[in-house]
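Visitor: Following this line is my_file_30.txt, made up of compact mmCIF, C-alpha atoms and all ligand atoms:
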# COMPACT_ATOMS: atom_id res chain seq x y z
CA MET Q 634 66.72 47.62 -6.24
CA VAL Q 635 68.79 50.69 -5.35
CA SER Q 636 67.72 52.13 -2.03
CA GLY Q 637 67.06 55.80 -1.59
CA TRP Q 638 64.60 58.05 0.18
CA VAL Q 639 62.18 58.21 -2.71
CA SER Q 640 61.92 56.35 -5.97
CA LEU Q 641 59.77 56.83 -9.02
CA SER Q 642 58.96 53.95 -11.30
CA GLY Q 643 57.31 54.37 -14.66
CA VAL Q 644 55.94 57.79 -13.69
CA THR Q 645 54.19 59.59 -16.52
CA VAL Q 646 52.29 62.87 -16.43
CA ARG Q 647 50.11 63.61 -19.43
CA ARG Q 648 48.28 66.87 -19.91
CA ARG Q 649 46.15 67.92 -22.87
CA GLY Q 650 47.09 64.81 -24.80
CA ARG Q 651 50.82 65.37 -24.37
CA THR Q 652 53.32 63.56 -22.15
CA ILE Q 653 54.98 66.35 -20.18
CA LEU Q 654 56.93 64.08 -17.83
CA GLY Q 655 58.26 60.57 -18.16
CA PRO Q 656 58.19 57.73 -18.36
CA LEU Q 657 60.50 58.35 -15.46
CA ASP Q 658 62.45 55.91 -13.30
CA ALA Q 659 64.66 57.45 -10.67
CA THR Q 660 65.86 56.93 -7.14
CA LEU Q 661 66.95 59.84 -5.02
CA ASN Q 662 69.71 59.00 -2.56
CA GLY Q 663 71.59 60.78 0.13
CA GLY Q 664 70.76 63.51 2.52
CA GLY Q 665 72.18 66.52 0.76
CA LEU Q 666 71.11 69.01 -1.84
CA THR Q 667 70.01 67.72 -5.23
CA ILE Q 668 69.80 70.13 -8.14
CA LEU Q 669 67.29 69.64 -10.92
CA MET Q 670 68.57 71.04 -14.18
CA GLY Q 671 67.33 71.17 -17.74
CA PRO Q 672 66.03 73.60 -20.33
CA ASN Q 673 62.63 75.32 -20.18
CA GLY Q 674 59.81 72.84 -20.41
CA ALA Q 675 62.02 69.89 -19.39
CA GLY Q 676 59.59 68.93 -16.63
CA LYS Q 677 61.43 70.20 -13.53
CA THR Q 678 58.44 71.97 -11.99
CA THR Q 679 56.18 69.03 -12.84
CA LEU Q 680 58.53 66.60 -11.11
CA LEU Q 681 58.71 68.76 -7.97
CA ARG Q 682 54.92 69.03 -7.96
CA VAL Q 683 54.53 65.26 -8.38
CA LEU Q 684 56.79 64.63 -5.39
CA HIS Q 685 54.89 67.16 -3.27
CA GLY Q 686 51.57 65.56 -4.23
CA LEU Q 687 50.34 68.57 -6.19
CA GLU Q 688 50.29 66.80 -9.54
CA ARG Q 689 48.38 63.65 -10.41
CA VAL Q 690 50.38 61.00 -12.25
CA ASN Q 691 48.83 59.09 -15.17
CA THR Q 692 50.99 56.01 -14.78
CA GLY Q 693 53.60 54.73 -12.40
CA GLU Q 694 54.29 55.11 -8.73
CA VAL Q 695 56.16 57.26 -6.27
CA HIS Q 696 57.51 55.16 -3.44
CA TRP Q 697 58.69 56.81 -0.21
CA THR Q 698 61.06 54.64 1.79
CA ASP Q 699 59.99 56.26 5.06
CA PRO Q 700 56.23 56.88 5.12
CA LYS Q 701 56.84 59.99 7.23
CA ASP Q 702 58.47 61.62 4.19
CA ALA Q 703 55.33 61.07 2.11
CA ASP Q 704 53.23 63.33 4.30
CA GLY Q 705 52.89 66.76 2.69
CA ARG Q 706 53.33 68.31 6.12
CA SER Q 707 56.83 66.81 6.30
CA GLN Q 708 57.66 68.66 3.11
CA GLY Q 709 58.18 72.34 2.42
CA PHE Q 710 57.70 73.89 -1.01
CA VAL Q 711 59.02 77.24 -2.22
CA PHE Q 712 57.56 78.33 -5.54
CA GLN Q 713 59.38 80.44 -8.10
CA THR Q 714 56.90 83.22 -7.43
CA PRO Q 715 56.05 83.25 -3.74
CA VAL Q 716 52.43 82.66 -2.87
CA LEU Q 717 51.34 85.88 -1.17
CA MET Q 718 48.39 86.27 1.11
CA ARG Q 719 46.66 89.49 2.07
CA ARG Q 720 48.18 89.38 5.50
CA SER Q 721 51.13 90.77 7.40
CA VAL Q 722 54.53 89.21 6.83
CA LEU Q 723 54.33 87.58 10.27
CA ASP Q 724 50.90 86.06 9.67
CA CYS Q 725 51.99 84.77 6.25
CA ILE Q 726 54.89 82.94 7.85
CA ALA Q 727 52.72 81.69 10.72
CA TYR Q 728 50.03 80.35 8.37
CA PRO Q 729 51.06 76.64 8.15
CA LEU Q 730 50.97 76.32 11.93
CA LEU Q 731 47.58 78.02 12.11
CA LEU Q 732 46.36 75.39 9.64
CA ASP Q 733 47.71 72.75 12.02
CA GLY Q 734 45.63 74.20 14.85
CA VAL Q 735 48.49 75.84 16.76
CA SER Q 736 47.37 78.93 18.68
CA ARG Q 737 47.89 82.28 16.96
CA THR Q 738 50.20 83.54 19.71
CA GLN Q 739 52.39 80.47 19.53
CA ALA Q 740 52.39 80.37 15.72
CA ARG Q 741 53.38 84.05 15.57
CA GLU Q 742 56.13 83.50 18.12
CA GLN Q 743 57.60 80.71 16.01
CA ALA Q 744 57.15 82.79 12.86
CA ARG Q 745 59.30 85.51 14.46
CA ALA Q 746 62.00 82.96 15.21
CA HIS Q 747 61.92 81.64 11.64
CA ALA Q 748 62.04 85.14 10.16
CA ALA Q 749 65.19 85.75 12.21
CA GLU Q 750 66.61 82.38 11.13
CA VAL Q 751 66.40 83.35 7.44
CA GLY Q 752 67.66 86.88 8.10
CA LEU Q 753 64.38 88.61 7.33
CA THR Q 754 64.96 91.84 9.18
CA VAL Q 755 62.03 93.89 7.88
CA ASN Q 756 59.06 95.10 9.94
CA LEU Q 757 57.07 91.87 10.21
CA ASP Q 758 53.79 93.69 10.82
CA GLN Q 759 53.74 95.30 7.38
CA ALA Q 760 51.75 93.90 4.47
CA VAL Q 761 53.67 91.24 2.61
CA THR Q 762 53.08 92.96 -0.74
CA PHE Q 763 55.57 95.70 0.19
CA LEU Q 764 58.52 93.31 0.41
CA SER Q 765 61.24 93.26 -2.24
CA GLY Q 766 61.72 90.13 -4.38
CA GLY Q 767 64.54 88.80 -2.18
CA GLU Q 768 62.57 89.53 0.99
CA LYS Q 769 59.52 87.74 -0.41
CA GLN Q 770 61.65 84.66 -1.10
CA LYS Q 771 63.05 84.75 2.43
CA MET Q 772 59.48 85.03 3.71
CA ALA Q 773 58.52 82.01 1.59
CA LEU Q 774 61.50 80.08 2.94
CA ALA Q 775 60.67 80.99 6.54
CA ARG Q 776 57.08 79.82 5.94
CA ALA Q 777 58.24 76.57 4.31
CA LEU Q 778 60.43 75.89 7.36
CA MET Q 779 57.64 76.38 9.90
CA ARG Q 780 56.73 72.71 10.08
CA ARG Q 781 60.42 71.78 10.28
CA PRO Q 782 60.23 69.81 7.03
CA ARG Q 783 62.25 66.68 6.45
CA ILE Q 784 62.34 67.57 2.76
CA LEU Q 785 62.37 70.97 1.11
CA PHE Q 786 61.43 71.47 -2.54
CA LEU Q 787 62.41 74.73 -4.20
CA ASP Q 788 61.45 75.74 -7.72
CA GLU Q 789 63.95 78.29 -9.02
CA PRO Q 790 63.86 80.24 -5.76
CA CYS Q 791 66.49 82.72 -6.89
CA ALA Q 792 65.13 83.63 -10.32
CA ASN Q 793 65.10 87.44 -10.62
CA LEU Q 794 67.15 88.01 -7.47
CA ASP Q 795 70.35 90.06 -7.38
CA GLY Q 796 73.73 88.61 -6.41
CA ARG Q 797 73.52 89.60 -2.78
CA SER Q 798 70.06 88.08 -2.29
CA VAL Q 799 71.16 84.91 -4.09
CA LYS Q 800 74.16 84.62 -1.75
CA GLU Q 801 71.96 85.10 1.30
CA ILE Q 802 69.48 82.45 0.14
CA GLU Q 803 72.32 80.02 -0.63
CA GLU Q 804 73.74 80.52 2.87
CA ILE Q 805 70.32 79.77 4.34
CA LEU Q 806 70.08 76.60 2.22
CA HIS Q 807 73.48 75.47 3.49
CA ARG Q 808 72.26 75.90 7.05
CA ILE Q 809 68.99 74.08 6.36
CA LYS Q 810 70.92 71.20 4.81
CA ALA Q 811 73.34 71.10 7.73
CA GLY Q 812 70.29 70.79 9.98
CA GLY Q 813 69.43 67.50 8.25
CA THR Q 814 66.73 68.60 5.79
CA ARG Q 815 66.99 67.10 2.32
CA ILE Q 816 66.71 69.66 -0.45
CA LEU Q 817 65.60 69.23 -4.04
CA MET Q 818 65.83 72.42 -6.03
CA SER Q 819 65.52 73.43 -9.65
CA THR Q 820 67.68 76.18 -11.08
CA HIS Q 821 68.76 77.57 -14.43
CA ASP Q 822 71.71 79.30 -12.82
CA MET Q 823 74.76 77.22 -13.71
CA GLY Q 824 76.98 78.96 -11.16
CA GLN Q 825 74.47 78.30 -8.44
CA ALA Q 826 74.12 74.66 -9.45
CA ARG Q 827 77.91 74.22 -9.26
CA ARG Q 828 78.07 75.90 -5.86
CA LEU Q 829 75.25 73.92 -4.30
CA ALA Q 830 74.83 70.53 -5.97
CA ASP Q 831 75.71 67.39 -4.08
CA ASP Q 832 73.80 65.55 -6.80
CA VAL Q 833 72.29 66.51 -10.13
CA LEU Q 834 69.25 65.28 -12.01
CA PHE Q 835 69.31 66.51 -15.58
CA LEU Q 836 65.98 66.45 -17.39
CA HIS Q 837 65.26 67.06 -21.04
CA ALA Q 838 61.88 66.84 -22.76
CA GLY Q 839 60.31 65.18 -19.73
CA LYS Q 840 62.96 62.45 -19.50
CA LEU Q 841 65.70 61.91 -16.96
CA VAL Q 842 68.77 62.10 -19.15
CA GLU Q 843 71.52 62.03 -16.55
CA GLN Q 844 71.86 61.56 -12.81
CA SER Q 845 75.18 61.85 -11.04
CA ASN Q 846 76.99 63.58 -8.23
CA GLY Q 847 77.58 67.29 -8.75
CA ASP Q 848 81.36 67.12 -9.30
CA ASP Q 849 81.06 64.39 -11.93
CA PHE Q 850 78.20 66.11 -13.70
CA PHE Q 851 80.04 69.39 -14.15
CA ARG Q 852 83.48 67.88 -14.77
CA SER Q 853 82.51 65.09 -17.13
CA PRO Q 854 78.88 64.97 -18.20
CA ARG Q 855 78.16 61.67 -19.93
CA THR Q 856 75.36 62.50 -22.34
CA ALA Q 857 75.38 64.67 -25.45
CA GLU Q 858 72.41 66.65 -24.07
CA ALA Q 859 74.10 67.50 -20.78
CA LYS Q 860 77.38 68.37 -22.54
CA ALA Q 861 75.53 70.72 -24.89
CA TYR Q 862 73.52 72.29 -22.04
CA LEU Q 863 76.64 72.94 -19.98
CA LYS Q 864 78.29 74.57 -22.99
CA GLY Q 865 75.31 76.92 -23.21
CA GLU Q 866 74.02 75.45 -26.44
CA ILE Q 867 70.29 75.51 -27.11
CA LEU Q 868 68.64 72.11 -26.74
CA LEU Q 869 65.63 71.48 -28.91
N1 LIG F 1 48.66 71.77 -16.77
C1 LIG F 1 49.35 71.69 -17.90
N2 LIG F 1 48.74 71.50 -19.09
C2 LIG F 1 49.42 71.40 -20.23
N3 LIG F 1 50.76 71.49 -20.31
C3 LIG F 1 51.44 71.68 -19.17
C4 LIG F 1 50.78 71.80 -17.91
N4 LIG F 1 51.71 72.00 -16.96
C5 LIG F 1 52.91 72.00 -17.60
N5 LIG F 1 52.75 71.82 -18.92
C6 LIG F 1 53.81 71.72 -19.94
O1 LIG F 1 54.70 70.71 -19.51
C7 LIG F 1 56.03 71.00 -19.88
C8 LIG F 1 56.91 70.90 -18.65
O2 LIG F 1 56.64 72.00 -17.81
P1 LIG F 1 57.47 72.31 -16.50
O3 LIG F 1 56.92 73.58 -15.94
O4 LIG F 1 57.48 71.12 -15.63
O5 LIG F 1 58.93 72.54 -17.07
P2 LIG F 1 60.20 73.19 -16.39
O6 LIG F 1 61.36 72.30 -16.68
O7 LIG F 1 59.93 73.50 -14.96
O8 LIG F 1 60.34 74.53 -17.23
P3 LIG F 1 60.89 76.00 -16.83
O9 LIG F 1 62.37 75.87 -16.76
O10 LIG F 1 60.47 76.82 -18.02
O11 LIG F 1 60.23 76.41 -15.55
C9 LIG F 1 56.00 72.38 -20.51
O12 LIG F 1 56.03 72.22 -21.91
C10 LIG F 1 54.68 72.96 -20.05
O13 LIG F 1 54.14 73.85 -20.99
Can you present the structure in this file as structure tokens?
Ligand SMILES: Nc1ncnc2c1ncn2[C@@H]1O[C@H](COP(=O)(O)OP(=O)(O)OP(=O)(O)O)[C@@H](O)[C@H]1O

Guide:
Amino acid sequence: MVSGWVSLSGVTVRRRGRTILGPLDATLNGGGLTILMGPNGAGKTTLLRVLHGLERVNTGEVHWTDPKDADGRSQGFVFQTPVLMRRSVLDCIAYPLLLDGVSRTQAREQARAHAAEVGLTVNLDQAVTFLSGGEKQKMALARALMRRPRILFLDEPCANLDGRSVKEIEEILHRIKAGGTRILMSTHDMGQARRLADDVLFLHAGKLVEQSNGDDFFRSPRTAEAKAYLKGEILL
């Protein structure tokens, strides 16, 4: 068996009588940034949710090599649309630590540090709803980093962001990766995938079609589906 930090064997997710993911066998290796690619409906979000324990599987198993990685509190998750709470920016970021029973003062102090870490320079006492799209994503990243996750899942975190915000988020991801956090991120942005991917998982119609390192995937994709996708053709 190939060793990695997590492996899926025979994983299937069925909803409303339809198989939306799998059967999937995959092993994720390495400590870098893995990009999940594939057309709409390929199963990228479902796979991220399975790994984070948000989605029940119908068959198969997810095996974590290190049991510490399996704990949801060792994992951060950034959704495509940030989950907003009716709180101040600071309290939103502090929230995971409050759930863990950390005192409000201490949680807020750490939230301030994390806001600075992701370059969120807005007034942290304002309501979170007033933030711009890019600022909301930075807030979501700061919140996801509060528990110092070993693994960070991101579901199209830069969709709808302008070039400058995308660049800022990518720089933050580089820093997070350099700090030793593994990152698994879905994106439709081909340029972003090329810039960031150490490894690529390419999904189509719920199946893992191709898995390789980033350079190989973009230079010489092996499958007809990946070749067509990289050429911008529409996959049915
Ligand atoms: N709870 C559900 N019930 C029924 N179908 C679902 C459910 N959740 C997801 N699906 C379907 O499963 C398929 C995979 O969805 P998923 O969101 O994982 O794809 P994706 O690759 O992330 O797509 P996108 O790029 O559009 O975000 C889609 O066809 C979706 O409609």

Visitor: Would you kindly return, as a list in words, each protein, DNA or RNA residue with an atom no farther than 9 Å from any atom of Asp658 of chain Q, considering all atoms listed in the file and excluding same-chain residues fewer than 3 positions away?

Guide: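 Counting only the stated atoms, we get Ser640, Leu641, Ser642, Gly643, Val644, Gly655, Gly693 and Leu841 of chain Q.
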
Visitor: Using only C-alpha atoms and a cutoff of 12 Å, can you tell me which residues are near (77.1, 62.1, -14.8) in the file's coordinates, and write them out as a list of chain:residue names?

Guide: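 Neighbouring residues, ordered by chain and number, come to Q:Asp832, Q:Val833, Q:Leu834, Q:Phe835, Q:Leu841, Q:Val842, Q:Glu843, Q:Gln844, Q:Ser845, Q:Asn846, Q:Gly847, Q:Asp848, Q:Asp849, Q:Phe850, Q:Phe851, Q:Arg852, Q:Ser853, Q:Pro854, Q:Arg855, Q:Thr856, Q:Ala857, Q:Glu858, Q:Ala859, Q:Lys860.
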
Visitor: Taking only C-alpha atoms and all ligand atoms into account, which residues have an atom no farther than 6 Å from ligand LIG 1 (chain F)? I'd like them as a list in words.

Guide: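 If we count only C-alpha atoms and all ligand atoms, the neighbours of ligand LIG 1 (chain F) turn out to be Arg648, Arg649, Ile653, Pro672, Asn673, Gly674, Ala675, Gly676, Lys677, Thr678 and Thr679 of chain Q.
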
Visitor: Which of these, Q:Asn756, Q:Ser819, Q:Gln739, Q:Thr814, has the shortest distance to Gly665 of chain Q once you count all atoms listed in the file?

Guide: Q:Thr814

Visitor: As an exercise, work out the distance from atom CA of Leu661 of chain Q to atom CA of Gly637 of chain Q in Å and give it to one decimal place.

Guide: 5.3 Å

Visitor: Quick one: residues within 9 Å of segment 777-783 of chain Q, all atoms listed in the file counted, chain neighbours fewer than 6 positions away excluded, as a short mmCIF file (atom, residue, chain, number, x, y, z; two decimals) with C-alpha atoms, in the frame of the given file?

Guide:
data_model
loop_
_atom_site.label_atom_id
_atom_site.label_comp_id
_atom_site.auth_asym_id
_atom_site.auth_seq_id
_atom_site.Cartn_x
_atom_site.Cartn_y
_atom_site.Cartn_z
CA LYS Q 701 56.84 59.99 7.23
CA ASP Q 702 58.47 61.62 4.19
CA ARG Q 706 53.33 68.31 6.12
CA SER Q 707 56.83 66.81 6.30
CA GLN Q 708 57.66 68.66 3.11
CA GLY Q 709 58.18 72.34 2.42
CA PHE Q 710 57.70 73.89 -1.01
CA VAL Q 711 59.02 77.24 -2.22
CA ILE Q 726 54.89 82.94 7.85
CA ALA Q 727 52.72 81.69 10.72
CA TYR Q 728 50.03 80.35 8.37
CA PRO Q 729 51.06 76.64 8.15
CA LEU Q 730 50.97 76.32 11.93
CA ALA Q 740 52.39 80.37 15.72
CA GLN Q 743 57.60 80.71 16.01
CA ALA Q 744 57.15 82.79 12.86
CA HIS Q 747 61.92 81.64 11.64
CA ILE Q 809 68.99 74.08 6.36
CA GLY Q 813 69.43 67.50 8.25
CA THR Q 814 66.73 68.60 5.79
CA ARG Q 815 66.99 67.10 2.32
CA ILE Q 816 66.71 69.66 -0.45
#

Visitor: Here is a test: counting only C-alpha atoms, which residue of Q:Gly767, Q:Gly650, Q:Gly705, Q:Gly663 is nearest to Ser798 of chain Q?

Guide: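 Nearest candidate to Ser798 of chain Q out of Q:Gly767, Q:Gly650, Q:Gly705, Q:Gly663: Q:Gly767.
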
Visitor: Please determine, counting all atoms listed in the file, which residue among Q:Ser636, Q:Thr652, Q:Thr645, Q:Thr762 has the shortest atom-to-atom distance to Pro715 of chain Q.

Guide: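 Closest candidate: Q:Thr762.
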
Visitor: Extract, using all atoms listed in the file, all DNA, RNA and protein residues at most 10 Å from Leu794 of chain Q, discarding same-chain residues fewer than 3 positions from it, and format them as a PyMOL selection string.

Guide: chain Q and resi 765-768+770+790-791+797-800+802

Visitor: Could you write out that same residue set with C-alpha atoms as an mmCIF file, keeping the file's coordinate frame?

Guide:
data_model
loop_
_atom_site.group_PDB
_atom_site.id
_atom_site.type_symbol
_atom_site.label_atom_id
_atom_site.label_comp_id
_atom_site.auth_asym_id
_atom_site.auth_seq_id
_atom_site.Cartn_x
_atom_site.Cartn_y
_atom_site.Cartn_z
ATOM 1 C CA SER Q 765 61.240 93.260 -2.240
ATOM 2 C CA GLY Q 766 61.720 90.130 -4.380
ATOM 3 C CA GLY Q 767 64.540 88.800 -2.180
ATOM 4 C CA GLU Q 768 62.570 89.530 0.990
ATOM 5 C CA GLN Q 770 61.650 84.660 -1.100
ATOM 6 C CA PRO Q 790 63.860 80.240 -5.760
ATOM 7 C CA CYS Q 791 66.490 82.720 -6.890
ATOM 8 C CA ARG Q 797 73.520 89.600 -2.780
ATOM 9 C CA SER Q 798 70.060 88.080 -2.290
ATOM 10 C CA VAL Q 799 71.160 84.910 -4.090
ATOM 11 C CA LYS Q 800 74.160 84.620 -1.750
ATOM 12 C CA ILE Q 802 69.480 82.450 0.140
#

Visitor: Using Å and a single decimal, report how far atom CA of Leu806 of chain Q sits from atom CA of Ala792 of chain Q.

Guide: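 So the answer is 15.2 Å.
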
Visitor: So the first atom is atom CA of Lys771 of chain Q and the second is atom CA of Ala749 of chain Q; what is the distance between them in Å, to one decimal place?

Guide: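 Taking atom CA of Lys771 of chain Q and atom CA of Ala749 of chain Q, their separation equals 10.1 Å.
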
Visitor: For Glu803 of chain Q, which residue out of Q:Met818, Q:Leu669, Q:Cys725, Q:Leu717 is the nearest one, using only C-alpha atoms?

Guide: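 Checking each candidate against Glu803 of chain Q, we get Q:Met818 as the closest.
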
Visitor: In terms of the shortest atom-to-atom distance over all atoms listed in the file, which of Q:Leu817, Q:Leu829, Q:Met772, Q:Ile784 is closest to Met718 of chain Q?

Guide: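 Closest residue, counting all atoms listed in the file: Q:Met772.
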
Visitor: Hey, can I get the axis-aligned box for segment 738-752 of chain Q? All listed atoms, 4 Å padding on each side, centre and edge lengths in Å to one decimal, as JSON.

Guide:
{"center_x": 58.9, "center_y": 83.6, "center_z": 13.6, "size_x": 25.5, "size_y": 14.5, "size_z": 20.3}

Visitor: Of the residues Q:Val646, Q:Ala746, Q:Leu731, Q:Leu681, which is the one nearest to Thr667 of chain Q, using only C-alpha atoms?

Guide: Q:Leu681

Visitor: Tell me which protein, DNA and RNA residues are within 7 Å of Thr820 of chain Q, counting only C-alpha atoms, leaving out same-chain ones fewer than 4 positions away, and put them as a list in words.

Guide: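 So, after excluding close chain neighbours, the residues are Leu669, Met670, Glu789 and Ala826 of chain Q.
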
Visitor: How would segment 746-767 of chain Q look with N, CA and C atoms restored, written as a PDB file, keeping the file's coordinate frame?

Guide:
ATOM      1  N   ALA Q 746      60.726  83.687  15.110  1.00  0.00           N
ATOM      2  CA  ALA Q 746      62.000  82.960  15.210  1.00  0.00           C
ATOM      3  C   ALA Q 746      62.476  82.535  13.810  1.00  0.00           C
ATOM      4  N   HIS Q 747      61.530  82.079  12.980  1.00  0.00           N
ATOM      5  CA  HIS Q 747      61.920  81.640  11.640  1.00  0.00           C
ATOM      6  C   HIS Q 747      62.324  82.804  10.748  1.00  0.00           C
ATOM      7  N   ALA Q 748      61.660  83.945  10.927  1.00  0.00           N
ATOM      8  CA  ALA Q 748      62.040  85.140  10.160  1.00  0.00           C
ATOM      9  C   ALA Q 748      63.488  85.498  10.494  1.00  0.00           C
ATOM     10  N   ALA Q 749      63.824  85.422  11.788  1.00  0.00           N
ATOM     11  CA  ALA Q 749      65.190  85.750  12.210  1.00  0.00           C
ATOM     12  C   ALA Q 749      66.167  84.722  11.631  1.00  0.00           C
ATOM     13  N   GLU Q 750      65.754  83.466  11.619  1.00  0.00           N
ATOM     14  CA  GLU Q 750      66.610  82.380  11.130  1.00  0.00           C
ATOM     15  C   GLU Q 750      67.006  82.597   9.666  1.00  0.00           C
ATOM     16  N   VAL Q 751      66.072  83.120   8.859  1.00  0.00           N
ATOM     17  CA  VAL Q 751      66.400  83.350   7.440  1.00  0.00           C
ATOM     18  C   VAL Q 751      66.887  84.777   7.189  1.00  0.00           C
ATOM     19  N   GLY Q 752      67.122  85.532   8.254  1.00  0.00           N
ATOM     20  CA  GLY Q 752      67.660  86.880   8.100  1.00  0.00           C
ATOM     21  C   GLY Q 752      66.675  87.872   7.519  1.00  0.00           C
ATOM     22  N   LEU Q 753      65.396  87.667   7.809  1.00  0.00           N
ATOM     23  CA  LEU Q 753      64.380  88.610   7.330  1.00  0.00           C
ATOM     24  C   LEU Q 753      64.218  89.693   8.398  1.00  0.00           C
ATOM     25  N   THR Q 754      64.854  90.834   8.129  1.00  0.00           N
ATOM     26  CA  THR Q 754      64.960  91.840   9.180  1.00  0.00           C
ATOM     27  C   THR Q 754      63.965  92.986   9.024  1.00  0.00           C
ATOM     28  N   VAL Q 755      63.006  92.823   8.130  1.00  0.00           N
ATOM     29  CA  VAL Q 755      62.030  93.890   7.880  1.00  0.00           C
ATOM     30  C   VAL Q 755      61.003  93.950   9.021  1.00  0.00           C
ATOM     31  N   ASN Q 756      60.184  94.995   9.003  1.00  0.00           N
ATOM     32  CA  ASN Q 756      59.060  95.100   9.940  1.00  0.00           C
ATOM     33  C   ASN Q 756      58.064  93.978   9.600  1.00  0.00           C
ATOM     34  N   LEU Q 757      57.892  93.060  10.506  1.00  0.00           N
ATOM     35  CA  LEU Q 757      57.070  91.870  10.210  1.00  0.00           C
ATOM     36  C   LEU Q 757      55.574  92.149  10.277  1.00  0.00           C
ATOM     37  N   ASP Q 758      55.220  93.354  10.739  1.00  0.00           N
ATOM     38  CA  ASP Q 758      53.790  93.690  10.820  1.00  0.00           C
ATOM     39  C   ASP Q 758      53.273  94.350   9.542  1.00  0.00           C
ATOM     40  N   GLN Q 759      54.190  94.644   8.619  1.00  0.00           N
ATOM     41  CA  GLN Q 759      53.740  95.300   7.380  1.00  0.00           C
ATOM     42  C   GLN Q 759      53.115  94.272   6.425  1.00  0.00           C
ATOM     43  N   ALA Q 760      52.370  94.798   5.455  1.00  0.00           N
ATOM     44  CA  ALA Q 760      51.750  93.900   4.470  1.00  0.00           C
ATOM     45  C   ALA Q 760      52.835  93.257   3.625  1.00  0.00           C
ATOM     46  N   VAL Q 761      52.643  92.008   3.306  1.00  0.00           N
ATOM     47  CA  VAL Q 761      53.670  91.240   2.610  1.00  0.00           C
ATOM     48  C   VAL Q 761      53.937  91.785   1.204  1.00  0.00           C
ATOM     49  N   THR Q 762      52.933  92.450   0.635  1.00  0.00           N
ATOM     50  CA  THR Q 762      53.080  92.960  -0.740  1.00  0.00           C
ATOM     51  C   THR Q 762      54.160  94.040  -0.854  1.00  0.00           C
ATOM     52  N   PHE Q 763      54.553  94.642   0.267  1.00  0.00           N
ATOM     53  CA  PHE Q 763      55.570  95.700   0.190  1.00  0.00           C
ATOM     54  C   PHE Q 763      56.998  95.156   0.176  1.00  0.00           C
ATOM     55  N   LEU Q 764      57.157  93.861   0.356  1.00  0.00           N
ATOM     56  CA  LEU Q 764      58.520  93.310   0.410  1.00  0.00           C
ATOM     57  C   LEU Q 764      59.164  93.310  -0.973  1.00  0.00           C
ATOM     58  N   SER Q 765      60.503  93.387  -0.973  1.00  0.00           N
ATOM     59  CA  SER Q 765      61.240  93.260  -2.240  1.00  0.00           C
ATOM     60  C   SER Q 765      61.236  91.786  -2.667  1.00  0.00           C
ATOM     61  N   GLY Q 766      61.710  91.515  -3.878  1.00  0.00           N
ATOM     62  CA  GLY Q 766      61.720  90.130  -4.380  1.00  0.00           C
ATOM     63  C   GLY Q 766      62.502  89.197  -3.466  1.00  0.00           C
ATOM     64  N   GLY Q 767      63.692  89.645  -3.046  1.00  0.00           N
ATOM     65  CA  GLY Q 767      64.540  88.800  -2.180  1.00  0.00           C
ATOM     66  C   GLY Q 767      63.873  88.584  -0.830  1.00  0.00           C
TER      67      GLY Q 767
END
